[in-house]
Each structure stands twice: as structure tokens, then as C-alpha cells.
$ cat input_28.pdb   # PDB, C-alpha atoms
ATOM      1  CA  MET G 201       7.687  23.217  -0.371
ATOM      2  CA  PRO G 202       8.056  21.040  -3.502
ATOM      3  CA  ALA G 203       5.480  18.494  -4.619
ATOM      4  CA  ILE G 204       6.014  15.041  -3.136
ATOM      5  CA  GLN G 205       6.144  13.455  -6.578
ATOM      6  CA  ASP G 206       8.899  15.842  -7.671
ATOM      7  CA  CYS G 207      11.042  14.401  -4.874
ATOM      8  CA  TYR G 208      10.479  10.728  -5.773
ATOM      9  CA  PRO G 209      13.635   8.807  -6.635
ATOM     10  CA  ALA G 210      13.988   8.987 -10.454
ATOM     11  CA  ARG G 211      13.786   5.211 -10.881
ATOM     12  CA  PHE G 212      10.268   5.271  -9.386
ATOM     13  CA  ALA G 213       9.037   8.374 -11.247
ATOM     14  CA  HIS G 214       7.434   6.762 -14.345
ATOM     15  CA  CYS G 215       3.842   6.667 -13.077
ATOM     16  CA  HIS G 216       1.211   7.675 -15.635
ATOM     17  CA  GLY G 217      -0.754   9.495 -12.969
ATOM     18  CA  CYS G 218       1.987  11.378 -11.172
ATOM     19  CA  GLY G 219       5.468  10.511 -12.428
ATOM     20  CA  PRO G 220       7.429  13.621 -13.416
ATOM     21  CA  VAL G 221       9.381  11.665 -16.064
ATOM     22  CA  ASN G 222       6.311  10.200 -17.823
ATOM     23  CA  PRO G 223       5.901  12.460 -20.888
ATOM     24  CA  ASP G 224       2.274  11.417 -21.465
ATOM     25  CA  GLY G 225       1.056  11.322 -17.874
ATOM     26  CA  LEU G 226      -1.230  13.516 -15.794
ATOM     27  CA  HIS G 227       1.614  14.933 -13.660
ATOM     28  CA  LEU G 228      -0.474  15.037 -10.504
ATOM     29  CA  LYS G 229       1.170  16.942  -7.644
ATOM     30  CA  SER G 230       0.538  16.395  -3.936
ATOM     31  CA  HIS G 231       1.706  18.804  -1.242
ATOM     32  CA  VAL G 232       2.023  18.571   2.517
ATOM     33  CA  GLU G 233      -0.244  21.080   4.292
ATOM     34  CA  GLY G 234       0.092  20.724   8.048
ATOM     35  CA  ASP G 235      -1.033  17.250   9.059
ATOM     36  CA  GLN G 236      -2.752  16.628   5.709
ATOM     37  CA  VAL G 237      -1.567  16.065   2.165
ATOM     38  CA  VAL G 238      -3.486  17.964  -0.516
ATOM     39  CA  LEU G 239      -3.818  17.575  -4.276
ATOM     40  CA  ARG G 240      -5.698  19.885  -6.619
ATOM     41  CA  HIS G 241      -6.671  18.773 -10.105
ATOM     42  CA  THR G 242      -9.115  19.914 -12.771
ATOM     43  CA  PRO G 243      -9.978  17.005 -15.068
ATOM     44  CA  ALA G 244      -9.476  17.578 -18.793
ATOM     45  CA  PRO G 245     -12.747  17.676 -20.794
ATOM     46  CA  ALA G 246     -12.251  14.136 -22.136
ATOM     47  CA  PHE G 247     -12.555  12.617 -18.642
ATOM     48  CA  THR G 248     -16.322  12.412 -18.492
ATOM     49  CA  GLY G 249     -18.274   9.572 -16.975
ATOM     50  CA  GLY G 250     -21.305   7.938 -18.568
ATOM     51  CA  VAL G 251     -23.040  11.298 -18.759
ATOM     52  CA  PRO G 252     -21.168  14.388 -20.024
ATOM     53  CA  ASP G 253     -21.458  16.517 -16.887
ATOM     54  CA  HIS G 254     -20.023  13.954 -14.440
ATOM     55  CA  ALA G 255     -16.367  13.046 -14.039
ATOM     56  CA  TYR G 256     -15.126   9.549 -14.863
ATOM     57  CA  GLY G 257     -14.991   7.171 -11.891
ATOM     58  CA  GLY G 258     -11.785   5.604 -13.171
ATOM     59  CA  LEU G 259     -10.048   8.984 -13.145
ATOM     60  CA  LEU G 260     -11.281   9.634  -9.612
ATOM     61  CA  ALA G 261      -9.897   6.247  -8.515
ATOM     62  CA  SER G 262      -6.607   7.181 -10.199
ATOM     63  CA  LEU G 263      -6.459  10.456  -8.260
ATOM     64  CA  LEU G 264      -7.026   8.604  -4.992
ATOM     65  CA  ASP G 265      -4.418   6.005  -5.932
ATOM     66  CA  CYS G 266      -1.599   8.451  -6.732
ATOM     67  CA  HIS G 267      -2.471  10.863  -3.968
ATOM     68  CA  GLY G 268      -2.764   8.053  -1.440
ATOM     69  CA  ALA G 269       0.695   6.757  -2.287
ATOM     70  CA  ALA G 270       2.172  10.273  -2.124
ATOM     71  CA  SER G 271       0.471  10.861   1.219
ATOM     72  CA  ALA G 272       1.897   7.586   2.536
ATOM     73  CA  THR G 273       5.367   8.735   1.494
ATOM     74  CA  ALA G 274       5.019  12.044   3.332
ATOM     75  CA  PHE G 275       3.570  10.488   6.508
ATOM     76  CA  ALA G 276       6.180   7.724   6.663
ATOM     77  CA  TYR G 277       9.020  10.145   6.015
ATOM     78  CA  ARG G 278       7.783  12.482   8.736
ATOM     79  CA  ALA G 279       7.501   9.572  11.176
ATOM     80  CA  ARG G 280      11.237   9.025  10.598
ATOM     81  CA  GLY G 281      12.018  12.663  11.364
ATOM     82  CA  GLY G 282      12.159  14.021   7.809
ATOM     83  CA  GLU G 283      10.094  16.517   5.860
ATOM     84  CA  VAL G 284       9.428  16.455   2.127
ATOM     85  CA  GLY G 285      11.878  18.816   0.453
ATOM     86  CA  ASP G 286      14.691  18.387   2.977
ATOM     87  CA  GLY G 287      16.838  16.670   0.349
ATOM     88  CA  GLY G 288      16.720  13.180   1.815
ATOM     89  CA  GLU G 289      15.613  10.194  -0.295
ATOM     90  CA  LEU G 290      11.893   9.625   0.166
ATOM     91  CA  PRO G 291      10.428   6.175   0.693
ATOM     92  CA  ARG G 292       8.269   5.058  -2.249
ATOM     93  CA  PHE G 293       4.968   3.279  -1.785
ATOM     94  CA  VAL G 294       2.823   1.139  -4.054
ATOM     95  CA  SER G 295      -0.870   0.410  -3.716
ATOM     96  CA  GLY G 296      -1.919  -2.590  -1.677
ATOM     97  CA  THR G 297      -5.674  -2.174  -1.349
ATOM     98  CA  LEU G 298      -7.631   0.809  -2.648
ATOM     99  CA  THR G 299     -11.243   1.405  -1.664
ATOM    100  CA  VAL G 300     -13.275   4.098  -3.440
ATOM    101  CA  VAL G 301     -16.748   5.145  -2.306
ATOM    102  CA  TYR G 302     -18.606   7.266  -4.874
ATOM    103  CA  ARG G 303     -20.959   9.274  -2.667
ATOM    104  CA  ARG G 304     -22.429  11.608  -5.273
ATOM    105  CA  PRO G 305     -21.650  12.496  -8.896
ATOM    106  CA  THR G 306     -18.456  14.527  -9.239
ATOM    107  CA  PRO G 307     -19.081  17.530 -11.506
ATOM    108  CA  MET G 308     -16.940  18.408 -14.510
ATOM    109  CA  GLY G 309     -15.510  21.856 -15.117
ATOM    110  CA  CYS G 310     -14.222  22.612 -11.639
ATOM    111  CA  GLU G 311     -11.164  22.009  -9.517
ATOM    112  CA  LEU G 312     -11.193  18.869  -7.410
ATOM    113  CA  VAL G 313      -9.479  18.957  -4.012
ATOM    114  CA  LEU G 314      -8.178  15.744  -2.475
ATOM    115  CA  ARG G 315      -7.109  15.452   1.141
ATOM    116  CA  GLY G 316      -5.098  12.588   2.601
ATOM    117  CA  ARG G 317      -5.028  11.905   6.335
ATOM    118  CA  LEU G 318      -2.895   9.380   8.164
ATOM    119  CA  VAL G 319      -4.735   6.457   9.737
ATOM    120  CA  GLY G 320      -1.739   4.433  10.853
ATOM    121  CA  ILE G 321       1.707   3.038  10.158
ATOM    122  CA  GLU G 322       2.581  -0.607  10.774
ATOM    123  CA  GLY G 323       5.998  -1.620   9.504
ATOM    124  CA  ARG G 324       6.044  -1.041   5.735
ATOM    125  CA  LYS G 325       2.247  -0.621   5.601
ATOM    126  CA  VAL G 326       0.769   2.894   5.759
ATOM    127  CA  THR G 327      -2.988   3.466   5.738
ATOM    128  CA  VAL G 328      -4.351   6.760   4.441
ATOM    129  CA  ASP G 329      -7.925   8.052   4.427
ATOM    130  CA  LEU G 330      -8.846  10.040   1.350
ATOM    131  CA  GLU G 331     -11.514  12.587   0.558
ATOM    132  CA  LEU G 332     -12.289  14.253  -2.783
ATOM    133  CA  SER G 333     -14.356  17.437  -2.903
ATOM    134  CA  ALA G 334     -15.760  19.648  -5.636
ATOM    135  CA  ASN G 335     -17.175  23.075  -4.820
ATOM    136  CA  ASP G 336     -16.709  22.237  -1.112
ATOM    137  CA  GLU G 337     -18.935  19.150  -1.329
ATOM    138  CA  VAL G 338     -17.447  15.743  -0.605
ATOM    139  CA  CYS G 339     -18.104  13.559  -3.672
ATOM    140  CA  VAL G 340     -15.779  10.591  -3.077
ATOM    141  CA  THR G 341     -14.125   9.093  -0.035
ATOM    142  CA  GLY G 342     -11.711   6.216   0.149
ATOM    143  CA  ARG G 343      -8.804   4.501   1.789
ATOM    144  CA  LEU G 344      -5.454   3.334   0.530
ATOM    145  CA  ILE G 345      -3.394   0.692   2.254
ATOM    146  CA  ALA G 346       0.020   1.452   0.774
ATOM    147  CA  LEU G 347       3.093  -0.759   0.933
ATOM    148  CA  GLU G 348       6.643   0.566   0.987
ATOM    149  CA  ILE G 349       8.927  -0.664  -1.762
ATOM    150  CA  PRO G 350      11.776  -2.404   0.059
ATOM    151  CA  ALA G 351      15.113  -0.589   0.083
ATOM    152  CA  GLY G 352      17.372  -1.814  -2.704
ATOM    153  CA  TYR G 353      14.510  -2.856  -4.993
TER
ATOM    154  CA  MET M 294     -22.613 -10.955 -29.578
ATOM    155  CA  PRO M 295     -21.909  -7.197 -29.417
ATOM    156  CA  ALA M 296     -19.932  -5.538 -26.643
ATOM    157  CA  ILE M 297     -22.070  -4.469 -23.697
ATOM    158  CA  GLN M 298     -20.851  -0.887 -23.975
ATOM    159  CA  ASP M 299     -21.896  -0.734 -27.645
ATOM    160  CA  CYS M 300     -25.466  -1.395 -26.481
ATOM    161  CA  TYR M 301     -25.546   1.312 -23.788
ATOM    162  CA  PRO M 302     -28.208   3.974 -24.297
ATOM    163  CA  ALA M 303     -26.507   6.825 -26.195
ATOM    164  CA  ARG M 304     -27.147   9.365 -23.423
ATOM    165  CA  PHE M 305     -25.017   7.243 -21.058
ATOM    166  CA  ALA M 306     -22.213   6.458 -23.530
ATOM    167  CA  HIS M 307     -19.790   9.315 -22.772
ATOM    168  CA  CYS M 308     -17.509   7.433 -20.352
ATOM    169  CA  HIS M 309     -13.791   8.062 -20.827
ATOM    170  CA  GLY M 310     -13.052   4.424 -20.115
ATOM    171  CA  CYS M 311     -15.676   2.680 -22.189
ATOM    172  CA  GLY M 312     -18.112   5.087 -23.834
ATOM    173  CA  PRO M 313     -18.371   4.533 -27.590
ATOM    174  CA  VAL M 314     -19.145   8.220 -28.183
ATOM    175  CA  ASN M 315     -16.144   9.592 -26.234
ATOM    176  CA  PRO M 316     -13.642  10.457 -28.998
ATOM    177  CA  ASP M 317     -10.662  10.524 -26.614
ATOM    178  CA  GLY M 318     -11.514   7.537 -24.426
ATOM    179  CA  LEU M 319     -10.120   4.037 -24.082
ATOM    180  CA  HIS M 320     -13.148   2.347 -25.706
ATOM    181  CA  LEU M 321     -13.014  -0.665 -23.425
ATOM    182  CA  LYS M 322     -15.299  -3.509 -24.528
ATOM    183  CA  SER M 323     -16.813  -6.162 -22.248
ATOM    184  CA  HIS M 324     -18.492  -9.305 -23.565
ATOM    185  CA  VAL M 325     -20.717 -11.920 -21.983
ATOM    186  CA  GLU M 326     -19.100 -15.364 -22.000
ATOM    187  CA  GLY M 327     -21.385 -17.917 -20.370
ATOM    188  CA  ASP M 328     -21.903 -16.922 -16.743
ATOM    189  CA  GLN M 329     -18.978 -14.475 -16.777
ATOM    190  CA  VAL M 330     -18.298 -11.149 -18.407
ATOM    191  CA  VAL M 331     -14.845 -10.773 -19.980
ATOM    192  CA  LEU M 332     -12.762  -7.779 -21.061
ATOM    193  CA  ARG M 333      -9.403  -7.917 -22.828
ATOM    194  CA  HIS M 334      -7.139  -4.886 -22.921
ATOM    195  CA  THR M 335      -3.470  -4.227 -23.647
ATOM    196  CA  PRO M 336      -2.403  -0.980 -21.952
ATOM    197  CA  ALA M 337      -0.756   1.619 -24.172
ATOM    198  CA  PRO M 338       2.961   2.182 -23.413
ATOM    199  CA  ALA M 339       2.266   5.439 -21.534
ATOM    200  CA  PHE M 340       0.330   3.631 -18.799
ATOM    201  CA  THR M 341       3.276   2.622 -16.677
ATOM    202  CA  GLY M 342       3.325   2.622 -12.910
ATOM    203  CA  GLY M 343       6.164   3.966 -10.769
ATOM    204  CA  VAL M 344       8.603   1.628 -12.524
ATOM    205  CA  PRO M 345       8.539   1.276 -16.322
ATOM    206  CA  ASP M 346       7.768  -2.453 -16.496
ATOM    207  CA  HIS M 347       4.669  -2.373 -14.282
ATOM    208  CA  ALA M 348       1.214  -1.148 -15.286
ATOM    209  CA  TYR M 349      -0.334   1.901 -13.620
ATOM    210  CA  GLY M 350      -2.594   1.106 -10.683
ATOM    211  CA  GLY M 351      -4.997   3.887 -11.638
ATOM    212  CA  LEU M 352      -5.513   2.333 -15.064
ATOM    213  CA  LEU M 353      -6.120  -1.055 -13.470
ATOM    214  CA  ALA M 354      -8.724   0.499 -11.160
ATOM    215  CA  SER M 355     -10.308   2.119 -14.235
ATOM    216  CA  LEU M 356     -10.523  -1.249 -15.991
ATOM    217  CA  LEU M 357     -12.237  -2.781 -12.961
ATOM    218  CA  ASP M 358     -14.581   0.184 -12.716
ATOM    219  CA  CYS M 359     -15.823   0.102 -16.331
ATOM    220  CA  HIS M 360     -15.849  -3.664 -16.562
ATOM    221  CA  GLY M 361     -17.657  -3.986 -13.260
ATOM    222  CA  ALA M 362     -20.414  -1.619 -14.374
ATOM    223  CA  ALA M 363     -20.754  -3.441 -17.720
ATOM    224  CA  SER M 364     -20.902  -6.782 -15.908
ATOM    225  CA  ALA M 365     -23.629  -5.440 -13.623
ATOM    226  CA  THR M 366     -25.620  -4.393 -16.684
ATOM    227  CA  ALA M 367     -25.379  -7.840 -18.254
ATOM    228  CA  PHE M 368     -26.216  -9.698 -15.017
ATOM    229  CA  ALA M 369     -29.179  -7.464 -14.199
ATOM    230  CA  TYR M 370     -30.518  -7.646 -17.738
ATOM    231  CA  ARG M 371     -30.259 -11.435 -17.759
ATOM    232  CA  ALA M 372     -32.060 -11.623 -14.410
ATOM    233  CA  ARG M 373     -34.961  -9.840 -16.133
ATOM    234  CA  GLY M 374     -35.014 -12.365 -18.953
ATOM    235  CA  GLY M 375     -32.949 -10.467 -21.523
ATOM    236  CA  GLU M 376     -29.581 -11.036 -23.153
ATOM    237  CA  VAL M 377     -27.147  -8.345 -24.308
ATOM    238  CA  GLY M 378     -27.669  -7.823 -28.034
ATOM    239  CA  ASP M 379     -31.359  -8.714 -28.109
ATOM    240  CA  GLY M 380     -32.244  -5.127 -28.979
ATOM    241  CA  GLY M 381     -33.843  -4.185 -25.665
ATOM    242  CA  GLU M 382     -32.673  -1.112 -23.743
ATOM    243  CA  LEU M 383     -30.019  -2.121 -21.224
ATOM    244  CA  PRO M 384     -30.039  -0.871 -17.653
ATOM    245  CA  ARG M 385     -27.067   1.427 -16.921
ATOM    246  CA  PHE M 386     -25.107   1.244 -13.708
ATOM    247  CA  VAL M 387     -22.775   3.627 -11.940
ATOM    248  CA  SER M 388     -20.131   2.812  -9.378
ATOM    249  CA  GLY M 389     -21.135   2.778  -5.737
ATOM    250  CA  THR M 390     -18.114   1.254  -3.995
ATOM    251  CA  LEU M 391     -15.047  -0.069  -5.787
ATOM    252  CA  THR M 392     -12.429  -2.158  -3.998
ATOM    253  CA  VAL M 393      -9.144  -2.970  -5.721
ATOM    254  CA  VAL M 394      -6.591  -5.406  -4.278
ATOM    255  CA  TYR M 395      -3.204  -5.230  -5.987
ATOM    256  CA  ARG M 396      -1.858  -8.750  -5.409
ATOM    257  CA  ARG M 397       1.304  -8.556  -7.497
ATOM    258  CA  PRO M 398       2.763  -6.140 -10.056
ATOM    259  CA  THR M 399       0.873  -6.231 -13.367
ATOM    260  CA  PRO M 400       3.362  -6.476 -16.242
ATOM    261  CA  MET M 401       3.385  -4.138 -19.240
ATOM    262  CA  GLY M 402       3.463  -5.352 -22.840
ATOM    263  CA  CYS M 403       0.858  -8.071 -22.610
ATOM    264  CA  GLU M 404      -2.900  -8.470 -22.857
ATOM    265  CA  LEU M 405      -4.805  -8.208 -19.595
ATOM    266  CA  VAL M 406      -7.896 -10.353 -19.127
ATOM    267  CA  LEU M 407     -10.625  -9.256 -16.713
ATOM    268  CA  ARG M 408     -13.424 -11.509 -15.561
ATOM    269  CA  GLY M 409     -16.582 -10.358 -13.805
ATOM    270  CA  ARG M 410     -18.721 -12.747 -11.783
ATOM    271  CA  LEU M 411     -22.088 -12.041 -10.217
ATOM    272  CA  VAL M 412     -22.172 -11.981  -6.419
ATOM    273  CA  GLY M 413     -25.755 -10.828  -5.965
ATOM    274  CA  ILE M 414     -28.580  -8.526  -6.945
ATOM    275  CA  GLU M 415     -30.606  -6.567  -4.373
ATOM    276  CA  GLY M 416     -33.023  -4.077  -5.884
ATOM    277  CA  ARG M 417     -30.979  -1.576  -7.892
ATOM    278  CA  LYS M 418     -27.679  -2.755  -6.344
ATOM    279  CA  VAL M 419     -25.617  -5.364  -8.178
ATOM    280  CA  THR M 420     -22.383  -6.724  -6.693
ATOM    281  CA  VAL M 421     -19.711  -8.075  -9.029
ATOM    282  CA  ASP M 422     -16.443  -9.811  -8.204
ATOM    283  CA  LEU M 423     -13.577  -8.911 -10.504
ATOM    284  CA  GLU M 424     -10.297 -10.576 -11.389
ATOM    285  CA  LEU M 425      -7.525  -9.252 -13.622
ATOM    286  CA  SER M 426      -4.904 -11.619 -15.026
ATOM    287  CA  ALA M 427      -1.762 -11.254 -17.116
ATOM    288  CA  ASN M 428      -0.098 -14.302 -18.639
ATOM    289  CA  ASP M 429      -2.590 -16.474 -16.708
ATOM    290  CA  GLU M 430      -1.491 -15.075 -13.355
ATOM    291  CA  VAL M 431      -4.010 -13.190 -11.231
ATOM    292  CA  CYS M 432      -2.510  -9.750 -10.513
ATOM    293  CA  VAL M 433      -5.507  -7.795  -9.212
ATOM    294  CA  THR M 434      -8.818  -8.749  -7.667
ATOM    295  CA  GLY M 435     -11.661  -6.521  -6.648
ATOM    296  CA  ARG M 436     -15.329  -5.945  -6.157
ATOM    297  CA  LEU M 437     -17.751  -3.376  -7.492
ATOM    298  CA  ILE M 438     -21.035  -2.545  -5.836
ATOM    299  CA  ALA M 439     -22.851  -0.951  -8.759
ATOM    300  CA  LEU M 440     -26.055   1.096  -8.585
ATOM    301  CA  GLU M 441     -28.604   1.230 -11.368
ATOM    302  CA  ILE M 442     -29.414   4.662 -12.738
ATOM    303  CA  PRO M 443     -33.138   5.101 -12.117
ATOM    304  CA  ALA M 444     -35.385   4.910 -15.182
ATOM    305  CA  GLY M 445     -36.156   8.354 -16.545
ATOM    306  CA  TYR M 446     -32.935   9.928 -15.265
TER
END
$ encode --input "input_28.pdb" --output "C-alpha cells"
Amino acid sequence: MPAIQDCYPARFAHCHGCGPVNPDGLHLKSHVEGDQVVLRHTPAPAFTGGVPDHAYGGLLASLLDCHGAASATAFAYRARGGEVGDGGELPRFVSGTLTVVYRRPTPMGCELVLRGRLVGIEGRKVTVDLELSANDEVCVTGRLIALEIPAGY
Amino acid sequence: MPAIQDCYPARFAHCHGCGPVNPDGLHLKSHVEGDQVVLRHTPAPAFTGGVPDHAYGGLLASLLDCHGAASATAFAYRARGGEVGDGGELPRFVSGTLTVVYRRPTPMGCELVLRGRLVGIEGRKVTVDLELSANDEVCVTGRLIALEIPAGY
């Protein structure tokens, strides 16, 4: 199954974090896995926090932001009877409110795994719970309230 | 008066967003202005959101994250009788909980102004309200609950 971001409409694919057409971006990729959406990412060495062996909080917020919006797309599309990769045009979400809880330092030098879970859908608002782990330890949790870009924008 | 980040202890100055010793970082700089802390930053052209004329939400969260921690440093240090730039060692804060409310799209191609205001100090926890404006319009608001790194870390 393709990455959610690789199925975004081209006019909405410029995101620095995850837009396939942004030449200088991070090209984050989120995939549907059962009833979750999963992203795997190993930060580049430059993305340290205040101390060299911890990852940068701003990058971690960015991962939650892009992955939350991609998760919202997949959950909303499924609620309408579709599945990512079926060729239909996906809805595109932007961030409304992002909450990030830094529970412990996130180590550098390893793959981070983010999981998105659906909390609820109300009209054009989709709420996603997010969890970021390193070496099977949860380091960051969060929530994104995502808003669908109206059709015809 | 020097930037807060330029006065961080060197061992805590590796942050990708604002660490002076990170060669590949953004080198964000926050300054005390009266009872606020202010940061000015013009995003590089690569930092677009889903559409090319809006700034990337992950970058905006990063700005709030670094600026919130710098604001917490300045507010805590002042509460102890110091002022940034007086030569004393500054306390260093990390992010506990970051909330980001995207109120309207943030335009590209202009300077963003962030303001941090003290909400309260409780022990090693400092809460800062944050506001990001472009062309005098508030685009993003947020709050950082920052935690002081214990002495001797």
C-alpha cells in the first residue's frame, strides 16, 4: 500500500515535512497498518536538542504534525468507504490544534516509530491520538485536531 | 542585550532550532523586551506547508518550542534577581507540554514575530504563553510548560 502522502493531491503536496514535491523537505511517509497509521523516521544527525544525545523537540512536534494530518486523511477516507491507494482523491487536512507531551528525552541514532489512532470524526474535524516511541519506549505523546480543507479550495 | 540562546551554557547549546553551536541549525534568537520575550524569524523558502504560500506547521511549532524555552529561561532568571546578559549562568529549560493553536494560515515571505509572556512559575516548572504574528495579524497561539534541567545534570 502506498504512503498516504504520496497520494495527496499535487496542489497540497508542498509540505516541508512530508510533501513529495518539496525538494528540500523531510519526505516523511505514513502508512495505514490495520486500524492505526504508522510512520518510521530516523532523525538526521543535525536534529539534536539542547544536548547532543537527545532529539530536537521541534522536530518531534513536526513529526506529530505531519503524521497526525496524514492519519486524519486515512481515517476520514476510510469512514467514507475508501482505502488509501484505491485511486480516489484523498481529503487533505491541516492542523487545528496540536498538543505535544514530552514524556522523556528522545534518543538520537535510532528509528522513531509514530502511531496514530482515531479518536473521533465530527464534520470536517478529525481528532487523532499520537504516540512516538524509540527502542520500544514511549517518549512523546500528543493529539492533533485536524481540519479538512474544504472541497474546491 | 545579547540573545538568550547566546548565553546558554555551552553544554546545552546544541539545539537544532536555536543552539549557537549547531552548525546546521536555524540559530533562532530570542530577546527580552520589557516584560515580554520576542523572536523574529523569516522562514526560508523551503519551509512551506501543504500549499506553497503558507508556512509549515512543524516549523511554527518549532519556533514556539525554542522561543518558549528561551522565554522560560529569561523569566526564571529574572525571578531570581538576574537579567539575561549579566554574566551569570542561565537556567536551561526543556519542553514539558507544548500546545499549538493554528488560528489562520501563516503567510510565507514575511517576517514572523513571536512574543512570550509569563503565565507562572512553580518550582522548576515555568508556563509561557506564546503568540506568533505575521503582518500584525496573530496566526498562531500556544503555550509551553517548560521544565528546568536540574543543576548538575
$ residues_around --input "input_28.pdb" --residues "Pro302 (chain M)" --least-positions-apart "2" --cutoff "8 Å" --atoms "all atoms listed in the file" --output "list in words"
Cys300, Arg304, Phe305, Ala306, Glu382, Leu383 and Arg385 of chain M
$ interface_residues --input "input_28.pdb" --of "chain M" --to "chain G" --cutoff "8 Å" --atoms "all atoms listed in the file" --output "PDB file with C-alpha atoms, in the frame of the given file"
ATOM      1  CA  ARG M 304     -27.147   9.365 -23.423  1.00  0.00           C
ATOM      2  CA  PHE M 305     -25.017   7.243 -21.058  1.00  0.00           C
ATOM      3  CA  ALA M 306     -22.213   6.458 -23.530  1.00  0.00           C
ATOM      4  CA  HIS M 307     -19.790   9.315 -22.772  1.00  0.00           C
ATOM      5  CA  CYS M 308     -17.509   7.433 -20.352  1.00  0.00           C
ATOM      6  CA  HIS M 309     -13.791   8.062 -20.827  1.00  0.00           C
ATOM      7  CA  GLY M 310     -13.052   4.424 -20.115  1.00  0.00           C
ATOM      8  CA  GLY M 312     -18.112   5.087 -23.834  1.00  0.00           C
ATOM      9  CA  ASN M 315     -16.144   9.592 -26.234  1.00  0.00           C
ATOM     10  CA  PRO M 316     -13.642  10.457 -28.998  1.00  0.00           C
ATOM     11  CA  ASP M 317     -10.662  10.524 -26.614  1.00  0.00           C
ATOM     12  CA  GLY M 318     -11.514   7.537 -24.426  1.00  0.00           C
ATOM     13  CA  ALA M 339       2.266   5.439 -21.534  1.00  0.00           C
ATOM     14  CA  PHE M 340       0.330   3.631 -18.799  1.00  0.00           C
ATOM     15  CA  THR M 341       3.276   2.622 -16.677  1.00  0.00           C
ATOM     16  CA  GLY M 342       3.325   2.622 -12.910  1.00  0.00           C
ATOM     17  CA  GLY M 343       6.164   3.966 -10.769  1.00  0.00           C
ATOM     18  CA  VAL M 344       8.603   1.628 -12.524  1.00  0.00           C
ATOM     19  CA  PRO M 345       8.539   1.276 -16.322  1.00  0.00           C
ATOM     20  CA  TYR M 349      -0.334   1.901 -13.620  1.00  0.00           C
ATOM     21  CA  GLY M 350      -2.594   1.106 -10.683  1.00  0.00           C
ATOM     22  CA  GLY M 351      -4.997   3.887 -11.638  1.00  0.00           C
ATOM     23  CA  LEU M 352      -5.513   2.333 -15.064  1.00  0.00           C
ATOM     24  CA  ALA M 354      -8.724   0.499 -11.160  1.00  0.00           C
ATOM     25  CA  SER M 355     -10.308   2.119 -14.235  1.00  0.00           C
ATOM     26  CA  LEU M 356     -10.523  -1.249 -15.991  1.00  0.00           C
ATOM     27  CA  ASP M 358     -14.581   0.184 -12.716  1.00  0.00           C
ATOM     28  CA  CYS M 359     -15.823   0.102 -16.331  1.00  0.00           C
ATOM     29  CA  SER M 388     -20.131   2.812  -9.378  1.00  0.00           C
ATOM     30  CA  GLY M 389     -21.135   2.778  -5.737  1.00  0.00           C
ATOM     31  CA  THR M 390     -18.114   1.254  -3.995  1.00  0.00           C
ATOM     32  CA  LEU M 391     -15.047  -0.069  -5.787  1.00  0.00           C
ATOM     33  CA  THR M 392     -12.429  -2.158  -3.998  1.00  0.00           C
ATOM     34  CA  VAL M 393      -9.144  -2.970  -5.721  1.00  0.00           C
ATOM     35  CA  VAL M 394      -6.591  -5.406  -4.278  1.00  0.00           C
ATOM     36  CA  TYR M 395      -3.204  -5.230  -5.987  1.00  0.00           C
ATOM     37  CA  ARG M 396      -1.858  -8.750  -5.409  1.00  0.00           C
TER      38      ARG M 396
END
$ atom_distance --input "input_28.pdb" --atom1 "CA of Leu228 (chain G)" --atom2 "CA of Arg315 (chain G)"
13.4 Å
$ closest_residue --input "input_28.pdb" --among "G:Asp206, G:Glu322, G:Glu311, G:Glu283" --to "Arg240 (chain G)" --atoms "all atoms listed in the file"
G:Glu311
$ closest_residue --input "input_28.pdb" --among "G:Met308, G:Val338, G:Leu347, G:Val238" --to "Ala276 (chain G)" --atoms "all atoms listed in the file"
G:Leu347
$ closest_residue --input "input_28.pdb" --among "G:Ala244, G:Ala269, G:Ile349, G:Val319" --to "Lys229 (chain G)" --atoms "all atoms listed in the file"
G:Ala269
$ atom_distance --input "input_28.pdb" --atom1 "CA of Gln298 (chain M)" --atom2 "CA of Gly380 (chain M)"
13.1 Å
$ atom_distance --input "input_28.pdb" --atom1 "CA of Val421 (chain M)" --atom2 "CA of Glu331 (chain G)"
24.2 Å
$ residues_around --input "input_28.pdb" --residues "Glu233 (chain G)" --least-positions-apart "5" --cutoff "12 Å" --atoms "all atoms listed in the file" --output "ChimeraX atom specification"
/G:201-204,238-239,271,274-275,283-284,314-317
$ closest_residue --input "input_28.pdb" --among "M:Val406, M:Val325, M:Ala444, M:Pro313" --to "Thr366 (chain M)" --atoms "only C-alpha atoms"
M:Val325
$ closest_residue --input "input_28.pdb" --among "M:Ala372, M:Cys403, M:Leu411, M:Gly361" --to "Gln329 (chain M)" --atoms "only C-alpha atoms"
M:Leu411
$ axis_aligned_box --input "input_28.pdb" --around "region 366-382 of chain M" --padding-each-side "8 Å" --output "JSON"
{"center_x": -30.2, "center_y": -6.7, "center_z": -21.6, "size_x": 25.6, "size_y": 27.3, "size_z": 30.8}
$ closest_residue --input "input_28.pdb" --among "G:Thr306, G:Ser230, G:Thr327, G:Asn335" --to "Pro243 (chain G)" --atoms "only C-alpha atoms"
G:Thr306
$ residues_near_point --input "input_28.pdb" --point "(7.9, -1.6, 5.3)" --cutoff "7 Å" --atoms "all atoms listed in the file" --output "ChimeraX atom specification"
/G:323-325,347-348,350
